[in-house]
$ cat run.txt   # compact mmCIF, C-alpha atoms
# COMPACT_ATOMS: atom_id res chain seq x y z
CA MET X 1 14.92 8.23 -21.58
CA THR X 2 14.88 9.30 -17.96
CA ARG X 3 13.02 12.44 -16.97
CA HIS X 4 13.85 14.35 -13.82
CA VAL X 5 11.36 16.57 -12.01
CA THR X 6 11.94 18.50 -8.82
CA ALA X 7 9.66 19.66 -6.00
CA TYR X 8 9.57 23.03 -7.76
CA ASP X 9 8.35 21.43 -11.01
CA ILE X 10 5.72 19.46 -9.11
CA GLU X 11 4.43 22.60 -7.40
CA ASN X 12 3.98 24.20 -10.81
CA MET X 13 2.07 21.34 -12.44
CA SER X 14 -1.67 21.70 -13.06
CA LYS X 15 -3.79 20.14 -10.32
CA ILE X 16 -5.05 17.06 -12.23
CA TYR X 17 -1.67 16.35 -13.83
CA ARG X 18 -0.04 16.49 -10.38
CA LEU X 19 -2.75 14.24 -8.85
CA ASN X 20 -2.23 11.62 -11.55
CA PHE X 21 1.56 11.82 -11.34
CA ILE X 22 2.07 11.80 -7.58
CA ASN X 23 -0.64 9.21 -6.90
CA SER X 24 1.01 6.78 -9.33
CA CYS X 25 4.67 7.43 -8.45
CA THR X 26 4.81 5.34 -5.25
CA GLY X 27 3.80 2.06 -6.92
CA TYR X 28 0.97 -0.45 -6.75
CA LYS X 29 -1.54 -0.29 -3.94
CA SER X 30 -4.26 -2.60 -2.71
CA ALA X 31 -7.84 -2.10 -3.93
CA ASN X 32 -10.17 -2.28 -0.95
CA LEU X 33 -13.84 -1.48 -0.56
CA ILE X 34 -14.71 -0.18 2.89
CA GLY X 35 -18.23 -1.14 3.98
CA THR X 36 -19.97 0.76 6.76
CA ARG X 37 -23.52 1.32 8.01
CA SER X 38 -24.91 4.29 9.87
CA ARG X 39 -26.79 3.94 13.15
CA ASP X 40 -29.93 4.56 11.08
CA GLY X 41 -29.17 1.55 8.91
CA VAL X 42 -27.98 3.26 5.71
CA SER X 43 -25.09 1.30 4.24
CA ASN X 44 -22.09 2.82 2.48
CA LEU X 45 -19.35 1.40 0.28
CA ALA X 46 -16.24 3.29 -0.84
CA ILE X 47 -13.02 2.34 -2.64
CA PHE X 48 -9.67 3.02 -0.92
CA ASN X 49 -6.10 2.43 -2.10
CA SER X 50 -4.24 3.41 1.05
CA PHE X 51 -4.20 0.33 3.29
CA VAL X 52 -1.08 -0.69 5.16
CA HIS X 53 -0.27 -3.65 7.35
CA LEU X 54 0.49 -2.41 10.86
CA GLY X 55 1.04 -5.62 12.78
CA SER X 56 0.14 -9.29 13.14
CA ASN X 57 -0.05 -9.68 16.92
CA PRO X 58 -2.42 -8.06 17.65
CA PRO X 59 -3.69 -8.01 14.03
CA LEU X 60 -3.91 -4.34 13.04
CA LEU X 61 -4.32 -2.49 9.76
CA GLY X 62 -4.30 1.16 8.86
CA PHE X 63 -5.51 3.39 6.06
CA ILE X 64 -5.26 7.03 5.11
CA LEU X 65 -8.38 9.15 4.99
CA ARG X 66 -8.46 12.56 3.28
CA PRO X 67 -11.21 14.42 5.12
CA LEU X 68 -11.71 17.07 2.47
CA THR X 69 -11.58 15.05 -0.72
CA VAL X 70 -13.43 11.81 0.03
CA PRO X 71 -17.06 11.44 1.11
CA ARG X 72 -17.25 11.67 4.87
CA HIS X 73 -19.93 8.96 5.16
CA THR X 74 -17.36 6.22 5.73
CA TYR X 75 -15.75 8.17 8.56
CA GLN X 76 -19.05 9.20 10.16
CA ASN X 77 -20.32 5.63 10.09
CA PHE X 78 -17.34 3.91 11.71
CA LYS X 79 -16.99 6.67 14.31
CA GLU X 80 -20.69 6.29 15.14
CA THR X 81 -20.83 2.49 15.19
CA GLY X 82 -17.21 1.42 15.82
CA HIS X 83 -17.07 -1.00 12.88
CA PHE X 84 -16.12 -1.23 9.23
CA THR X 85 -15.31 -3.98 6.73
CA VAL X 86 -12.47 -4.27 4.19
CA ASN X 87 -13.32 -6.16 1.01
CA HIS X 88 -10.98 -7.10 -1.82
CA VAL X 89 -11.62 -6.24 -5.46
CA THR X 90 -11.40 -8.88 -8.19
CA LYS X 91 -11.02 -8.28 -11.91
CA SER X 92 -14.74 -8.69 -12.60
CA MET X 93 -15.61 -6.07 -9.95
CA ILE X 94 -13.36 -3.18 -11.03
CA ALA X 95 -15.95 -0.99 -12.80
CA ASP X 96 -18.39 -1.24 -9.87
CA ALA X 97 -15.60 -0.80 -7.34
CA HIS X 98 -14.44 2.38 -9.08
CA HIS X 99 -18.02 3.66 -9.28
CA THR X 100 -18.19 3.76 -5.46
CA SER X 101 -15.89 6.80 -5.66
CA ALA X 102 -18.80 8.86 -7.08
CA SER X 103 -20.22 11.39 -4.61
CA TYR X 104 -23.66 10.08 -3.75
CA GLU X 105 -25.75 12.01 -1.25
CA ASN X 106 -26.09 10.83 2.29
CA GLY X 107 -28.91 8.28 2.53
CA ILE X 108 -28.05 6.59 -0.78
CA SER X 109 -26.17 3.29 -0.56
CA GLU X 110 -23.53 2.52 -3.19
CA PHE X 111 -24.76 -1.07 -3.00
CA SER X 112 -28.00 0.13 -4.64
CA LYS X 113 -26.03 1.76 -7.48
CA THR X 114 -23.77 -1.17 -8.37
CA ALA X 115 -24.05 -4.94 -8.86
CA LEU X 116 -22.12 -5.51 -5.62
CA THR X 117 -24.09 -7.47 -3.01
CA GLU X 118 -24.45 -6.40 0.63
CA ALA X 119 -23.86 -9.26 3.09
CA TYR X 120 -24.23 -9.32 6.88
CA LEU X 121 -22.25 -12.04 8.64
CA ASP X 122 -22.14 -13.21 12.26
CA ASP X 123 -24.11 -10.22 13.61
CA PHE X 124 -21.43 -7.73 12.53
CA HIS X 125 -22.94 -4.25 12.13
CA ALA X 126 -21.09 -3.26 8.94
CA PRO X 127 -21.86 -4.82 5.55
CA TYR X 128 -19.43 -7.06 3.67
CA VAL X 129 -19.24 -7.37 -0.12
CA GLN X 130 -20.54 -10.84 -0.96
CA GLU X 131 -18.41 -11.11 -4.14
CA SER X 132 -15.05 -10.40 -2.42
CA PRO X 133 -12.81 -13.47 -1.94
CA ILE X 134 -11.29 -11.85 1.18
CA LYS X 135 -13.54 -9.95 3.61
CA ILE X 136 -12.24 -8.45 6.84
CA GLY X 137 -14.37 -7.20 9.74
CA CYS X 138 -12.63 -4.48 11.77
CA SER X 139 -13.25 -2.43 14.86
CA TYR X 140 -12.11 1.19 14.92
CA LYS X 141 -9.20 1.68 17.32
CA ASN X 142 -7.67 5.09 16.87
CA GLU X 143 -6.77 7.90 14.49
CA TYR X 144 -3.63 9.98 14.00
CA HIS X 145 -3.83 13.46 12.56
CA ILE X 146 -1.04 14.03 10.02
CA GLU X 147 -0.19 17.66 10.64
CA GLU X 148 1.74 18.07 7.37
CA ASN X 149 -1.48 18.03 5.31
CA GLY X 150 -4.49 17.24 7.51
CA THR X 151 -4.93 13.62 6.46
CA LEU X 152 -5.78 10.97 9.03
CA LEU X 153 -4.23 7.56 9.64
CA ILE X 154 -7.07 5.32 10.83
CA VAL X 155 -6.09 2.23 12.86
CA GLY X 156 -8.39 -0.79 12.87
CA ALA X 157 -8.24 -4.10 14.72
CA ILE X 158 -9.03 -7.23 12.70
CA GLU X 159 -11.95 -9.12 14.30
CA HIS X 160 -13.01 -11.48 11.48
CA ILE X 161 -11.49 -12.70 8.22
CA TYR X 162 -13.51 -14.63 5.64
CA PHE X 163 -11.52 -15.97 2.70
CA ASP X 164 -11.67 -18.48 -0.11
CA GLU X 165 -9.68 -21.39 1.30
CA LYS X 166 -8.24 -22.30 -2.10
CA MET X 167 -6.07 -19.17 -1.80
CA GLN X 168 -4.30 -20.31 1.37
CA GLY X 169 -1.02 -22.23 1.56
CA GLU X 170 -0.03 -24.58 4.39
CA ASP X 171 1.99 -21.84 6.07
CA GLY X 172 -0.96 -19.43 6.30
CA TRP X 173 -0.05 -17.23 3.31
CA LEU X 174 -2.87 -16.10 1.01
CA GLN X 175 -1.92 -16.19 -2.69
CA LEU X 176 -3.85 -13.21 -4.00
CA ASP X 177 -3.81 -14.08 -7.72
CA LYS X 178 -5.69 -17.31 -6.93
CA GLY X 179 -8.60 -15.01 -6.00
CA ASN X 180 -8.17 -12.80 -9.11
CA ILE X 181 -7.43 -9.88 -6.81
CA VAL X 182 -6.26 -6.70 -8.56
CA ALA X 183 -3.72 -4.02 -7.65
CA VAL X 184 -4.30 -0.29 -8.12
CA ASN X 185 -2.12 1.98 -10.27
CA GLY X 186 -2.70 5.57 -9.18
CA LEU X 187 -6.23 6.84 -8.65
CA ASP X 188 -8.04 5.01 -11.41
CA GLY X 189 -5.98 2.19 -12.97
CA TYR X 190 -6.59 -1.45 -12.03
CA ALA X 191 -4.04 -4.16 -12.84
CA GLU X 192 -4.36 -7.92 -12.91
CA THR X 193 -1.55 -9.84 -11.31
CA LYS X 194 0.30 -13.13 -11.49
CA LEU X 195 2.75 -14.43 -8.91
CA SER X 196 6.32 -14.38 -10.23
CA ALA X 197 8.10 -15.91 -7.25
CA ARG X 198 7.94 -16.33 -3.53
CA PHE X 199 11.23 -16.25 -1.66
CA HIS X 200 12.52 -17.91 1.48
CA TYR X 201 13.60 -15.83 4.45
CA ALA X 202 16.76 -13.94 3.41
CA ARG X 203 20.00 -14.49 5.35
CA PRO X 204 23.34 -12.67 5.03
CA ASP X 205 25.76 -14.13 2.47
CA GLN X 206 23.36 -16.90 1.44
CA GLU X 207 21.69 -16.98 -1.95
CA THR X 208 18.03 -15.90 -1.80
CA THR X 209 16.05 -18.85 -3.12
CA SER X 210 12.45 -19.08 -4.22
CA PHE X 211 9.83 -21.66 -3.24
CA GLU X 212 9.47 -24.86 -5.33
CA MET V 1 -15.26 -22.88 0.24
CA THR V 2 -15.12 -19.88 2.53
CA ARG V 3 -13.20 -20.13 5.77
CA HIS V 4 -13.93 -17.85 8.72
CA VAL V 5 -11.36 -17.01 11.37
CA THR V 6 -11.87 -14.70 14.35
CA ALA V 7 -9.49 -12.55 16.39
CA TYR V 8 -9.40 -15.40 18.91
CA ASP V 9 -8.28 -17.87 16.22
CA ILE V 10 -5.62 -15.42 15.00
CA GLU V 11 -4.25 -14.98 18.51
CA ASN V 12 -3.85 -18.75 18.77
CA MET V 13 -2.02 -19.26 15.46
CA SER V 14 1.71 -20.03 15.50
CA LYS V 15 3.86 -16.94 14.98
CA ILE V 16 5.05 -17.63 11.41
CA TYR V 17 1.62 -18.81 10.22
CA ARG V 18 0.07 -15.61 11.63
CA LEU V 19 2.78 -13.41 10.03
CA ASN V 20 2.16 -14.98 6.62
CA PHE V 21 -1.62 -14.81 6.96
CA ILE V 22 -2.04 -11.28 8.32
CA ASN V 23 0.63 -9.75 6.07
CA SER V 24 -1.11 -11.11 2.98
CA CYS V 25 -4.73 -10.48 3.99
CA THR V 26 -4.85 -6.75 3.18
CA GLY V 27 -3.93 -7.15 -0.50
CA TYR V 28 -1.13 -6.11 -2.83
CA LYS V 29 1.45 -3.58 -1.71
CA SER V 30 4.16 -1.64 -3.50
CA ALA V 31 7.71 -3.04 -3.56
CA ASN V 32 10.11 -0.22 -2.70
CA LEU V 33 13.81 -0.21 -1.89
CA ILE V 34 14.76 2.54 0.56
CA GLY V 35 18.28 3.85 -0.02
CA THR V 36 20.13 5.72 2.72
CA ARG V 37 23.71 6.62 3.61
CA SER V 38 25.19 7.26 7.03
CA ARG V 39 27.14 10.42 7.84
CA ASP V 40 30.26 8.23 7.59
CA GLY V 41 29.38 7.31 4.01
CA VAL V 42 28.14 3.73 4.48
CA SER V 43 25.19 3.11 2.19
CA ASN V 44 22.17 0.96 3.03
CA LEU V 45 19.37 -0.54 0.98
CA ALA V 46 16.26 -2.21 2.41
CA ILE V 47 12.99 -3.50 0.95
CA PHE V 48 9.70 -2.09 2.28
CA ASN V 49 6.10 -2.93 1.38
CA SER V 50 4.30 -0.32 3.47
CA PHE V 51 4.28 2.88 1.41
CA VAL V 52 1.17 5.05 1.20
CA HIS V 53 0.38 8.16 -0.76
CA LEU V 54 -0.27 11.00 1.68
CA GLY V 55 -0.85 13.95 -0.62
CA SER V 56 0.01 15.60 -3.92
CA ASN V 57 0.29 19.25 -2.94
CA PRO V 58 2.68 19.31 -1.21
CA PRO V 59 3.87 15.91 -2.48
CA LEU V 60 4.13 13.65 0.57
CA LEU V 61 4.49 9.94 1.10
CA GLY V 62 4.50 7.76 4.18
CA PHE V 63 5.69 4.35 5.23
CA ILE V 64 5.47 2.15 8.29
CA LEU V 65 8.62 1.22 10.16
CA ARG V 66 8.71 -1.59 12.71
CA PRO V 67 11.54 -0.63 15.03
CA LEU V 68 12.03 -4.07 16.53
CA THR V 69 11.77 -6.31 13.49
CA VAL V 70 13.60 -4.48 10.68
CA PRO V 71 17.25 -3.37 10.65
CA ARG V 72 17.51 0.04 12.24
CA HIS V 73 20.17 1.27 9.78
CA THR V 74 17.57 2.84 7.49
CA TYR V 75 16.05 4.80 10.35
CA GLN V 76 19.41 5.85 11.83
CA ASN V 77 20.63 7.06 8.46
CA PHE V 78 17.66 9.25 7.50
CA LYS V 79 17.40 10.66 11.00
CA GLU V 80 21.11 11.52 10.88
CA THR V 81 21.19 12.95 7.34
CA GLY V 82 17.57 13.97 6.65
CA HIS V 83 17.32 12.11 3.34
CA PHE V 84 16.28 8.80 1.83
CA THR V 85 15.39 7.47 -1.61
CA VAL V 86 12.49 5.26 -2.74
CA ASN V 87 13.24 2.96 -5.68
CA HIS V 88 10.83 0.69 -7.52
CA VAL V 89 11.40 -3.01 -8.04
CA THR V 90 11.07 -4.61 -11.48
CA LYS V 91 10.62 -8.29 -12.25
CA SER V 92 14.33 -8.83 -12.97
CA MET V 93 15.29 -7.31 -9.60
CA ILE V 94 13.07 -9.34 -7.24
CA ALA V 95 15.65 -11.81 -5.90
CA ASP V 96 18.13 -9.03 -5.13
CA ALA V 97 15.41 -6.78 -3.74
CA HIS V 98 14.27 -9.53 -1.37
CA HIS V 99 17.87 -10.24 -0.34
CA THR V 100 18.13 -6.72 1.13
CA SER V 101 15.86 -7.97 3.94
CA ALA V 102 18.77 -10.08 5.28
CA SER V 103 20.30 -8.71 8.50
CA TYR V 104 23.72 -7.48 7.52
CA GLU V 105 25.90 -5.89 10.16
CA ASN V 106 26.32 -2.17 10.35
CA GLY V 107 29.09 -1.06 7.98
CA ILE V 108 28.13 -3.54 5.23
CA SER V 109 26.21 -2.10 2.28
CA GLU V 110 23.49 -4.24 0.69
CA PHE V 111 24.67 -2.78 -2.64
CA SER V 112 27.89 -4.79 -2.18
CA LYS V 113 25.89 -7.99 -1.63
CA THR V 114 23.55 -7.74 -4.64
CA ALA V 115 23.76 -6.85 -8.34
CA LEU V 116 21.91 -3.57 -7.66
CA THR V 117 23.91 -0.47 -8.58
CA GLU V 118 24.37 2.52 -6.28
CA ALA V 119 23.79 5.86 -8.04
CA TYR V 120 24.24 9.42 -6.74
CA LEU V 121 22.25 12.06 -8.60
CA ASP V 122 22.21 15.85 -8.38
CA ASP V 123 24.25 16.01 -5.15
CA PHE V 124 21.58 14.16 -3.16
CA HIS V 125 23.14 12.50 -0.10
CA ALA V 126 21.23 9.20 -0.29
CA PRO V 127 21.89 6.57 -2.98
CA TYR V 128 19.40 5.67 -5.69
CA VAL V 129 19.13 2.26 -7.35
CA GLN V 130 20.34 2.70 -10.92
CA GLU V 131 18.14 -0.13 -12.28
CA SER V 132 14.84 1.26 -10.92
CA PRO V 133 12.55 2.86 -13.54
CA ILE V 134 11.15 5.21 -10.87
CA LYS V 135 13.46 6.74 -8.27
CA ILE V 136 12.26 9.24 -5.68
CA GLY V 137 14.46 11.46 -3.53
CA CYS V 138 12.81 12.41 -0.21
CA SER V 139 13.52 14.53 2.80
CA TYR V 140 12.45 13.29 6.21
CA LYS V 141 9.60 15.40 7.63
CA ASN V 142 8.10 13.78 10.67
CA GLU V 143 7.19 10.55 12.45
CA TYR V 144 4.11 9.40 14.28
CA HIS V 145 4.31 6.80 17.00
CA ILE V 146 1.47 4.26 16.67
CA GLU V 147 0.70 3.55 20.30
CA GLU V 148 -1.30 0.38 19.55
CA ASN V 149 1.87 -1.58 18.70
CA GLY V 150 4.92 0.71 18.69
CA THR V 151 5.28 1.02 14.92
CA LEU V 152 6.15 4.37 13.34
CA LEU V 153 4.55 6.18 10.42
CA ILE V 154 7.39 8.07 8.71
CA VAL V 155 6.41 11.09 6.59
CA GLY V 156 8.66 12.15 3.72
CA ALA V 157 8.50 15.08 1.30
CA ILE V 158 9.20 14.31 -2.36
CA GLU V 159 12.12 16.43 -3.61
CA HIS V 160 13.09 14.64 -6.85
CA ILE V 161 11.48 12.07 -9.13
CA TYR V 162 13.41 10.32 -11.92
CA PHE V 163 11.33 8.09 -14.17
CA ASP V 164 11.39 6.39 -17.53
CA GLU V 165 9.38 8.77 -19.70
CA LYS V 166 7.86 5.95 -21.74
CA MET V 167 5.73 5.14 -18.66
CA GLN V 168 4.02 8.54 -18.54
CA GLY V 169 0.71 9.47 -20.20
CA GLU V 170 -0.25 12.96 -21.34
CA ASP V 171 -2.18 13.56 -18.12
CA GLY V 172 0.80 12.86 -15.87
CA TRP V 173 -0.15 9.31 -14.89
CA LEU V 174 2.64 6.70 -14.71
CA GLN V 175 1.61 3.31 -16.11
CA LEU V 176 3.55 0.99 -13.86
CA ASP V 177 3.42 -2.16 -15.99
CA LYS V 178 5.28 -0.30 -18.77
CA GLY V 179 8.23 -0.31 -16.36
CA ASN V 180 7.76 -4.00 -15.40
CA ILE V 181 7.13 -2.90 -11.83
CA VAL V 182 5.96 -5.65 -9.49
CA ALA V 183 3.49 -5.73 -6.60
CA VAL V 184 4.11 -7.51 -3.30
CA ASN V 185 1.92 -10.32 -1.92
CA GLY V 186 2.58 -10.59 1.82
CA LEU V 187 6.15 -10.61 3.11
CA ASP V 188 7.87 -12.58 0.38
CA GLY V 189 5.72 -12.96 -2.76
CA TYR V 190 6.31 -10.79 -5.84
CA ALA V 191 3.70 -10.52 -8.60
CA GLU V 192 3.96 -9.25 -12.15
CA THR V 193 1.15 -7.02 -13.28
CA LYS V 194 -0.76 -5.97 -16.38
CA LEU V 195 -3.16 -3.06 -16.62
CA SER V 196 -6.77 -4.26 -16.97
CA ALA V 197 -8.50 -0.90 -17.28
CA ARG V 198 -8.26 2.72 -16.31
CA PHE V 199 -11.50 4.50 -15.51
CA HIS V 200 -12.75 8.04 -15.90
CA TYR V 201 -13.74 10.08 -12.86
CA ALA V 202 -16.89 8.48 -11.41
CA ARG V 203 -20.09 10.53 -11.16
CA PRO V 204 -23.39 9.63 -9.50
CA ASP V 205 -25.90 7.81 -11.73
CA GLN V 206 -23.57 7.80 -14.72
CA GLU V 207 -21.97 4.67 -16.05
CA THR V 208 -18.32 4.35 -15.07
CA THR V 209 -16.40 4.15 -18.34
CA SER V 210 -12.83 3.14 -19.04
CA PHE V 211 -10.22 4.93 -21.16
CA GLU V 212 -9.97 4.05 -24.90
$ encode --input "run.txt" --output "C-alpha cells"
Amino acid sequence: MTRHVTAYDIENMSKIYRLNFINSCTGYKSANLIGTRSRDGVSNLAIFNSFVHLGSNPPLLGFILRPLTVPRHTYQNFKETGHFTVNHVTKSMIADAHHTSASYENGISEFSKTALTEAYLDDFHAPYVQESPIKIGCSYKNEYHIEENGTLLIVGAIEHIYFDEKMQGEDGWLQLDKGNIVAVNGLDGYAETKLSARFHYARPDQETTSFE
Amino acid sequence: MTRHVTAYDIENMSKIYRLNFINSCTGYKSANLIGTRSRDGVSNLAIFNSFVHLGSNPPLLGFILRPLTVPRHTYQNFKETGHFTVNHVTKSMIADAHHTSASYENGISEFSKTALTEAYLDDFHAPYVQESPIKIGCSYKNEYHIEENGTLLIVGAIEHIYFDEKMQGEDGWLQLDKGNIVAVNGLDGYAETKLSARFHYARPDQETTSFE
C-alpha cells in the first residue's frame, strides 16, 4: 500500500521520526570517512554520507556539512591546514565507521577509539584510513553557504587517489563491489552491494544494452 | 596491489577514462529519475546520481546539474513551472532509467520511449514515475553557481512523499532494499543492495551496537 505524506505532515512529525524518514527518502548515499589533522597534530576521523561528484576535469568533489549538528573538528582542521582525505567504508569496517559519529572531545582522535589505522602517505598532512580500498587526498577549495538552512557545500580538489587495482576496468571505471564497499541507507543503515548491470552510453531510439 | 595516481596523472588521462574513473571514485550514489513538465505540457524524465540530503526541518534536498553536459529540458521545465519530482529506481527499471540519459529532442517525452509510466498525483504539475516505490514532489527553491567549474547546486523543498508503506519502520526510517532500490556505481553501473546492519546512535567510549 502506498502512503502519502505532505510537507504539513512532515512538519508535524517528532524530531527523530522526521530525521529517520527524510534522511532515508532520497536513496542510497556513499559512506565516506573524512580524515583530517589539526596544526597541532591531533587527527580526526568522521563519517559522512553527503558526497557528490562535481566534475572530472578538473577533478572536484563536494560534500554537505551541517555546522550545528556535526562535530566541528573536521571543518576546523581542513580550514586550518587546507587538506582532508576521503576514505571508503567496506563491510568489515561499518561498526567502526559508524562509531566515528560519536562526539569525542577535541584532542581525542577517533583512530584511537576504533580499530581503523591512521596512515600518512606521500607527505600529505591529513591521515588516510589504511583499511580503505579507495583513499582520496583533497585540498580545500571553497565553500558555499546554503541560505535555506545554514548548511555548507564544501568543494575539494582531488590531489591523490590510492585504490586497489583489482577494482579497475580497462576504461578507468572502479567497480565498487569488488572492494566490498557499502552504501548508506539514511543516517545509520549500511548496505552491501552487488553490481546488477553496467550499460553502454544511451542514444535516442536505440536499445540500451549492458556490458558483456 | 594499490595504485596511486596524482592530479597530474588525472589531467593527462583520456577524457572517457577520466570520466569513468572520477565519477566512480567517490562511491555509491542514489539513482533518481527527475520528472518535469513544460508549461506547454511536454513531460521530461532524466536520470541523476547527484542527490544529497540538505535538511529535515524544513525538508530540503539538493542535486548537482551540469549545464553543458546534460539535457537542459529538466532545468528549463522546473524554472518555468517551479516543480519537479524525484523517483527512485528499482532493479527491474534500470535499463529504462539509464535510457533517459539519451539526448532526445525537445518535445519528445522520455516516458514515450521507455516502459516507465507517467502519473499525475494530487494536482501536482510535474509527472511522477508510477513504478517507483518512493516518489517525491518538490518545489524549486534556489540555485548556487559553483564557480570552480560552472555546475549548479539546485535546492528543492519536499512537498509530497509517496512510498510503499512496507518499507517503513516504526521510527520513520525507510529500508530501501525492501523496495528493491538500486545504488549507482559511476555513470552507468547499477548495483542491487542488501542491508548489512543498522546501528544505534553512537556515543563516546560505548560500543556501537546494531539493531536486533
$ closest_residue --input "run.txt" --among "X:Thr193, X:Ser14, X:Thr117, X:Ser109" --to "chain V" --atoms "all atoms listed in the file"
X:Thr193
$ atom_distance --input "run.txt" --atom1 "CA of Ser112 (chain X)" --atom2 "CA of Thr2 (chain V)"
24.9 Å
$ interface_residues --input "run.txt" --of "chain V" --to "chain X" --cutoff "6 Å" --atoms "all atoms listed in the file" --output "PDB file with C-alpha atoms, in the frame of the given file"
ATOM      1  CA  MET V   1     -15.260 -22.880   0.240  1.00  0.00           C
ATOM      2  CA  THR V   2     -15.120 -19.880   2.530  1.00  0.00           C
ATOM      3  CA  ARG V   3     -13.200 -20.130   5.770  1.00  0.00           C
ATOM      4  CA  HIS V   4     -13.930 -17.850   8.720  1.00  0.00           C
ATOM      5  CA  VAL V   5     -11.360 -17.010  11.370  1.00  0.00           C
ATOM      6  CA  THR V   6     -11.870 -14.700  14.350  1.00  0.00           C
ATOM      7  CA  ALA V   7      -9.490 -12.550  16.390  1.00  0.00           C
ATOM      8  CA  TYR V  17       1.620 -18.810  10.220  1.00  0.00           C
ATOM      9  CA  LEU V  19       2.780 -13.410  10.030  1.00  0.00           C
ATOM     10  CA  ASN V  20       2.160 -14.980   6.620  1.00  0.00           C
ATOM     11  CA  PHE V  21      -1.620 -14.810   6.960  1.00  0.00           C
ATOM     12  CA  ILE V  22      -2.040 -11.280   8.320  1.00  0.00           C
ATOM     13  CA  SER V  24      -1.110 -11.110   2.980  1.00  0.00           C
ATOM     14  CA  GLY V  27      -3.930  -7.150  -0.500  1.00  0.00           C
ATOM     15  CA  TYR V  28      -1.130  -6.110  -2.830  1.00  0.00           C
ATOM     16  CA  LYS V  29       1.450  -3.580  -1.710  1.00  0.00           C
ATOM     17  CA  SER V  30       4.160  -1.640  -3.500  1.00  0.00           C
ATOM     18  CA  SER V  50       4.300  -0.320   3.470  1.00  0.00           C
ATOM     19  CA  VAL V  52       1.170   5.050   1.200  1.00  0.00           C
ATOM     20  CA  SER V  56       0.010  15.600  -3.920  1.00  0.00           C
ATOM     21  CA  HIS V  99      17.870 -10.240  -0.340  1.00  0.00           C
ATOM     22  CA  ALA V 102      18.770 -10.080   5.280  1.00  0.00           C
ATOM     23  CA  TYR V 104      23.720  -7.480   7.520  1.00  0.00           C
ATOM     24  CA  GLU V 159      12.120  16.430  -3.610  1.00  0.00           C
ATOM     25  CA  HIS V 160      13.090  14.640  -6.850  1.00  0.00           C
ATOM     26  CA  ILE V 161      11.480  12.070  -9.130  1.00  0.00           C
ATOM     27  CA  TYR V 162      13.410  10.320 -11.920  1.00  0.00           C
ATOM     28  CA  PHE V 163      11.330   8.090 -14.170  1.00  0.00           C
ATOM     29  CA  ASP V 164      11.390   6.390 -17.530  1.00  0.00           C
ATOM     30  CA  GLU V 165       9.380   8.770 -19.700  1.00  0.00           C
ATOM     31  CA  ASP V 171      -2.180  13.560 -18.120  1.00  0.00           C
ATOM     32  CA  GLY V 172       0.800  12.860 -15.870  1.00  0.00           C
ATOM     33  CA  TRP V 173      -0.150   9.310 -14.890  1.00  0.00           C
ATOM     34  CA  LEU V 174       2.640   6.700 -14.710  1.00  0.00           C
ATOM     35  CA  ALA V 183       3.490  -5.730  -6.600  1.00  0.00           C
ATOM     36  CA  ASP V 188       7.870 -12.580   0.380  1.00  0.00           C
ATOM     37  CA  GLY V 189       5.720 -12.960  -2.760  1.00  0.00           C
ATOM     38  CA  TYR V 190       6.310 -10.790  -5.840  1.00  0.00           C
ATOM     39  CA  ALA V 191       3.700 -10.520  -8.600  1.00  0.00           C
ATOM     40  CA  GLU V 192       3.960  -9.250 -12.150  1.00  0.00           C
ATOM     41  CA  THR V 193       1.150  -7.020 -13.280  1.00  0.00           C
ATOM     42  CA  LYS V 194      -0.760  -5.970 -16.380  1.00  0.00           C
ATOM     43  CA  LEU V 195      -3.160  -3.060 -16.620  1.00  0.00           C
ATOM     44  CA  SER V 196      -6.770  -4.260 -16.970  1.00  0.00           C
ATOM     45  CA  ALA V 197      -8.500  -0.900 -17.280  1.00  0.00           C
ATOM     46  CA  ARG V 198      -8.260   2.720 -16.310  1.00  0.00           C
ATOM     47  CA  PHE V 199     -11.500   4.500 -15.510  1.00  0.00           C
ATOM     48  CA  ALA V 202     -16.890   8.480 -11.410  1.00  0.00           C
ATOM     49  CA  ARG V 203     -20.090  10.530 -11.160  1.00  0.00           C
ATOM     50  CA  PRO V 204     -23.390   9.630  -9.500  1.00  0.00           C
ATOM     51  CA  THR V 208     -18.320   4.350 -15.070  1.00  0.00           C
TER      52      THR V 208
END
$ atom_distance --input "run.txt" --atom1 "CA of Ser38 (chain X)" --atom2 "CA of Gln130 (chain X)"
19.1 Å
$ atom_distance --input "run.txt" --atom1 "CA of Tyr75 (chain X)" --atom2 "CA of Ser132 (chain X)"
21.6 Å
